Structures are given as C-alpha cells and as structure tokens.
$ cat upload-v6.csv   # CSV, C-alpha atoms
chain,number,residue,atom,x,y,z
A,787,MET,CA,106.0,31.6,98.2
A,788,LYS,CA,108.9,30.8,95.9
A,789,ARG,CA,106.5,29.4,93.4
A,790,PHE,CA,104.3,32.5,93.4
A,791,LEU,CA,107.4,34.7,93.0
A,792,SER,CA,108.7,32.6,90.1
A,793,ILE,CA,105.4,32.7,88.3
A,794,THR,CA,105.1,36.4,88.8
A,795,LEU,CA,108.6,37.0,87.5
A,796,ILE,CA,108.0,34.9,84.4
A,797,LEU,CA,104.7,36.6,83.6
A,798,PHE,CA,106.4,40.0,84.0
A,799,MET,CA,109.2,39.1,81.7
A,800,CYS,CA,106.8,37.8,79.1
A,801,ALA,CA,104.7,41.0,79.3
A,802,VAL,CA,107.8,43.2,78.9
A,803,THR,CA,109.2,41.3,75.9
A,804,MET,CA,105.9,40.7,74.1
A,805,SER,CA,104.6,43.7,72.1
A,806,ALA,CA,101.2,44.0,70.5
A,807,GLN,CA,102.7,43.4,67.1
A,808,ASP,CA,104.3,40.2,68.2
A,809,PHE,CA,101.0,39.1,69.6
A,810,ILE,CA,99.2,39.8,66.3
A,811,LYS,CA,101.9,37.9,64.5
A,812,HIS,CA,101.6,35.0,66.9
A,813,ILE,CA,97.9,34.6,66.6
A,814,THR,CA,97.9,35.0,62.8
A,815,SER,CA,100.8,32.6,62.2
A,816,ASN,CA,100.0,29.3,60.5
A,817,VAL,CA,100.6,26.3,62.8
A,818,ALA,CA,100.0,22.8,61.5
A,819,GLY,CA,96.9,21.2,63.0
A,820,GLN,CA,95.5,24.5,64.2
A,821,GLY,CA,93.0,27.0,62.8
A,822,THR,CA,93.8,30.4,61.4
A,823,VAL,CA,93.0,33.9,62.7
A,824,THR,CA,92.7,36.9,60.4
A,825,VAL,CA,92.9,40.3,62.0
A,826,HIS,CA,91.6,43.4,60.1
A,827,GLN,CA,92.6,46.6,61.7
A,828,ASP,CA,93.4,50.1,60.6
A,829,THR,CA,97.1,51.0,60.4
A,830,LEU,CA,96.4,53.9,62.7
A,831,ILE,CA,95.5,51.4,65.5
A,832,ASP,CA,98.5,49.4,64.7
A,833,ASN,CA,100.7,52.5,65.0
A,834,ILE,CA,99.2,53.5,68.3
A,835,VAL,CA,99.4,50.1,69.8
A,836,ASN,CA,103.1,49.7,68.8
A,837,GLY,CA,104.1,53.2,69.9
A,838,LYS,CA,105.0,54.4,66.4
A,839,LYS,CA,102.6,57.3,66.3
A,840,GLN,CA,100.4,59.2,68.8
A,841,TYR,CA,96.8,59.7,68.0
A,842,VAL,CA,96.0,63.3,67.4
A,843,PRO,CA,92.3,64.0,66.5
A,844,GLU,CA,91.7,65.8,63.3
A,845,LYS,CA,90.7,69.4,63.7
A,846,LYS,CA,87.3,70.1,62.3
A,847,ASP,CA,87.0,73.0,60.0
A,848,ASP,CA,85.8,76.1,61.8
A,849,LYS,CA,82.9,76.3,59.5
A,850,LYS,CA,80.4,79.0,60.3
A,851,GLU,CA,76.9,77.7,60.9
A,852,VAL,CA,73.8,79.8,60.2
A,853,VAL,CA,70.7,79.2,62.3
A,854,GLY,CA,68.0,81.7,62.1
A,855,ASN,CA,69.7,85.1,62.8
A,856,LEU,CA,72.6,83.4,64.5
A,857,THR,CA,75.9,83.0,62.7
A,858,GLY,CA,79.1,81.6,64.0
A,859,LYS,CA,80.7,78.6,65.4
A,860,LYS,CA,78.2,76.4,67.4
A,861,MET,CA,79.3,75.5,70.9
A,862,ARG,CA,77.5,73.9,73.9
A,863,ALA,CA,77.2,75.7,77.2
A,864,ARG,CA,75.2,75.6,80.4
A,865,GLY,CA,72.3,78.1,80.2
A,866,TYR,CA,68.5,78.3,80.1
A,867,ARG,CA,65.6,77.4,77.9
A,868,ILE,CA,61.9,78.1,78.2
A,869,GLN,CA,59.8,75.0,78.6
A,870,VAL,CA,56.6,75.8,76.8
A,871,TYR,CA,55.1,72.3,76.8
A,872,TRP,CA,55.1,69.2,79.1
A,873,GLY,CA,52.8,66.3,78.3
A,874,GLY,CA,52.3,62.6,78.5
A,875,SER,CA,53.7,59.8,76.3
A,876,ALA,CA,51.0,59.4,73.7
A,877,ARG,CA,51.5,60.3,70.1
A,878,THR,CA,49.0,63.2,70.5
A,879,GLU,CA,51.2,64.6,73.1
A,880,GLN,CA,54.2,64.6,70.7
A,881,THR,CA,52.0,66.4,68.1
A,882,ASN,CA,50.9,69.0,70.7
A,883,ALA,CA,54.5,69.6,71.8
A,884,GLN,CA,55.6,70.1,68.2
A,885,ARG,CA,52.6,72.4,67.5
A,886,VAL,CA,53.4,74.6,70.5
A,887,GLY,CA,57.0,74.8,69.4
A,888,ALA,CA,56.0,75.8,65.9
A,889,ARG,CA,53.7,78.5,67.2
A,890,VAL,CA,56.5,80.0,69.3
A,891,THR,CA,59.0,79.9,66.5
A,892,THR,CA,56.5,81.4,64.1
A,893,LEU,CA,56.1,84.4,66.4
A,894,PHE,CA,59.7,84.5,67.5
A,895,PRO,CA,61.8,83.2,64.5
A,896,GLU,CA,65.1,83.9,66.4
A,897,LEU,CA,64.3,81.1,68.9
A,898,GLN,CA,64.9,77.4,68.2
A,899,ALA,CA,62.4,74.9,69.4
A,900,TYR,CA,63.6,71.6,70.9
A,901,THR,CA,60.9,68.8,71.1
A,902,THR,CA,62.2,65.8,73.0
A,903,PHE,CA,60.9,62.7,74.7
A,904,GLU,CA,62.0,62.3,78.3
A,905,SER,CA,60.3,59.1,79.5
A,906,PRO,CA,57.4,59.2,80.2
A,907,ASN,CA,56.8,62.7,78.9
A,908,TRP,CA,57.0,64.8,75.7
A,909,ARG,CA,58.4,68.3,76.3
A,910,CYS,CA,59.1,71.3,74.1
A,911,ARG,CA,61.7,73.9,75.1
A,912,VAL,CA,62.6,77.0,73.2
A,913,GLY,CA,65.6,79.3,73.0
A,914,ASP,CA,69.3,79.2,73.9
A,915,PHE,CA,69.8,81.7,76.6
A,916,VAL,CA,73.1,82.2,78.4
A,917,THR,CA,71.7,84.4,81.2
A,918,TYR,CA,68.6,84.0,83.2
A,919,LYS,CA,67.7,87.6,82.6
A,920,ASP,CA,67.5,87.0,78.8
A,921,ALA,CA,65.3,84.0,79.3
A,922,GLN,CA,63.0,86.1,81.6
A,923,ALA,CA,62.5,88.7,78.9
A,924,TYR,CA,61.4,86.1,76.4
A,925,LEU,CA,59.2,84.3,79.0
A,926,LYS,CA,57.4,87.6,79.5
A,927,LYS,CA,56.8,87.9,75.7
A,928,ILE,CA,55.6,84.3,75.4
A,929,ASN,CA,53.2,84.7,78.3
A,930,GLU,CA,51.9,88.0,76.9
A,931,ALA,CA,51.3,86.3,73.5
A,932,LYS,CA,49.5,83.5,75.4
A,933,LEU,CA,51.3,80.8,73.4
A,934,SER,CA,51.7,78.4,76.3
A,935,LYS,CA,50.0,77.7,79.6
A,936,GLY,CA,52.6,77.4,82.4
A,937,ALA,CA,55.7,78.2,80.5
A,938,THR,CA,58.7,78.2,82.8
A,939,ILE,CA,62.5,78.7,82.6
A,940,VAL,CA,64.6,75.6,83.1
A,941,LYS,CA,68.4,75.1,83.3
A,942,SER,CA,69.6,73.3,80.2
A,943,GLU,CA,72.5,72.7,77.9
A,944,VAL,CA,72.3,75.3,75.2
A,945,TYR,CA,74.0,76.2,72.0
A,946,ILE,CA,75.8,79.5,71.7
A,947,TYR,CA,77.3,80.9,68.5
A,948,HIS,CA,80.4,83.1,68.2

$ encode --input "upload-v6.csv" --output "structure tokens"
Amino acid sequence: MKRFLSITLILFMCAVTMSAQDFIKHITSNVAGQGTVTVHQDTLIDNIVNGKKQYVPEKKDDKKEVVGNLTGKKMRARGYRIQVYWGGSARTEQTNAQRVGARVTTLFPELQAYTTFESPNWRCRVGDFVTYKDAQAYLKKINEAKLSKGATIVKSEVYIYH
C-alpha cells in the first residue's frame, strides 16, 4: 500500500511540474547515443497547450449567398423536402435521379434538387421547406405536373436563407 501511494505521489508531482513545452524540449533535446526527434507544430497549438492563448475560431464573413431567388446567409435547420425519386444502386438509377431532379427544377426554378446516394439507393429530393404546409403546396404542384411517380414529403435537414 505504501508503495502504491509513493508511486502515485511521484507521478502526480511529475505531472504537475512538467508542462507540454518541457515535454517538447525534452524529446527534442540532443542526447549522446540516442536519436533525434523533430516536432513541427503551429505556434497556435503551442500557445494553446502552454496556456498562453485561448483558441477563438475566426468569424467567417457574413457573406450573402445567392441561390436561385434566395438571397441571404445560408443556415441549416430541420425541415422538409419532397422526395421525387428513389431507385436502386446502378449507374442508370443515378442518371434517372438526376434527370427527375432536373425536370423539377426546370419547371420550378426556385427549388433546389439534391441527388444523393444512400446505400443501396439513389434518391432525389427537392426544396428546402421550413413548414410541412409549404412542402404540401409544392407536392400538389409536382403531382399535378406529373413529374414524379410517388413523390412524398420527408423530414430532412434543409437550408434556410435570411
């Protein structure tokens, strides 16, 4: 028990007195008969590790983005999209998904098309709707235009602009 307590106390004292900078100096020092270690690190990391400076992420410019008719700062939110295509994993299915998305965006240029592969299927979803009611209005228009068989509204992460 005394041995365990002694070892724990020694390790604790070593940990308290040794800083990261001392460790870097220790491993990079030249000792006869031993190899050398070279550490390449950003000064920002060095400052953070040694407590000289706190990391504050840079603010991105609040640049306005223009997508279709939408202008403003792009943000992610939970909302709805209309799934206009769901197919298999073949290359032809990818082409079909893109083709359906292009037809929808041709008729409704204010909608964005998102063609993605979710194993094992290709899918195409359109729109960025915050409310279910908005998505229903476009679903009705898409069904009336007969652009897609079995189009449905799905919950999704969407982009909103403000």

$ closest_residue --input "upload-v6.csv" --among "A:Val817, A:Ile868, A:Ile793, A:Val823" --to "Gly936 (chain A)" --atoms "only C-alpha atoms"
A:Ile868

$ closest_residue --input "upload-v6.csv" --among "A:Leu933, A:Ile928, A:Leu897, A:Ala923" --to "Arg885 (chain A)" --atoms "all atoms listed in the file"
A:Leu933

$ residues_around --input "upload-v6.csv" --residues "Glu904 (chain A)" --least-positions-apart "6" --cutoff "12 Å" --atoms "all atoms listed in the file" --output "list in words"
Trp872, Gly873, Gly874, Ser875, Gln880 and Cys910 of chain A

$ write_last_selection --input "upload-v6.csv" --atoms "C-alpha atoms" --output "mmCIF file, in the coordinates of the input"
data_model
loop_
_atom_site.group_PDB
_atom_site.id
_atom_site.type_symbol
_atom_site.label_atom_id
_atom_site.label_comp_id
_atom_site.auth_asym_id
_atom_site.auth_seq_id
_atom_site.Cartn_x
_atom_site.Cartn_y
_atom_site.Cartn_z
ATOM 1 C CA TRP A 872 55.100 69.200 79.100
ATOM 2 C CA GLY A 873 52.800 66.300 78.300
ATOM 3 C CA GLY A 874 52.300 62.600 78.500
ATOM 4 C CA SER A 875 53.700 59.800 76.300
ATOM 5 C CA GLN A 880 54.200 64.600 70.700
ATOM 6 C CA CYS A 910 59.100 71.300 74.100
#

$ atom_distance --input "upload-v6.csv" --atom1 "CA of Ala863 (chain A)" --atom2 "CA of Tyr945 (chain A)"
6.1 Å

$ residues_around --input "upload-v6.csv" --residues "Asn929 (chain A)" --least-positions-apart "4" --cutoff "12 Å" --atoms "only C-alpha atoms" --output "list in words"
Ile868, Gln869, Val870, Val890, Gln922, Ala923, Tyr924, Leu925, Leu933, Ser934, Lys935, Gly936, Ala937, Thr938 and Ile939 of chain A

$ atom_distance --input "upload-v6.csv" --atom1 "CA of Gln898 (chain A)" --atom2 "CA of Val940 (chain A)"
15.0 Å

$ atom_distance --input "upload-v6.csv" --atom1 "CA of Val912 (chain A)" --atom2 "CA of Thr891 (chain A)"
8.1 Å

$ closest_residue --input "upload-v6.csv" --among "A:Lys927, A:Gln884, A:Thr901, A:Asp914" --to "Lys860 (chain A)" --atoms "all atoms listed in the file"
A:Asp914

$ closest_residue --input "upload-v6.csv" --among "A:Tyr947, A:Trp908, A:Phe915, A:Tyr900" --to "Asn882 (chain A)" --atoms "all atoms listed in the file"
A:Trp908

$ closest_residue --input "upload-v6.csv" --among "A:Tyr871, A:Phe894, A:Phe790, A:Tyr918" --to "Lys941 (chain A)" --atoms "all atoms listed in the file"
A:Tyr918
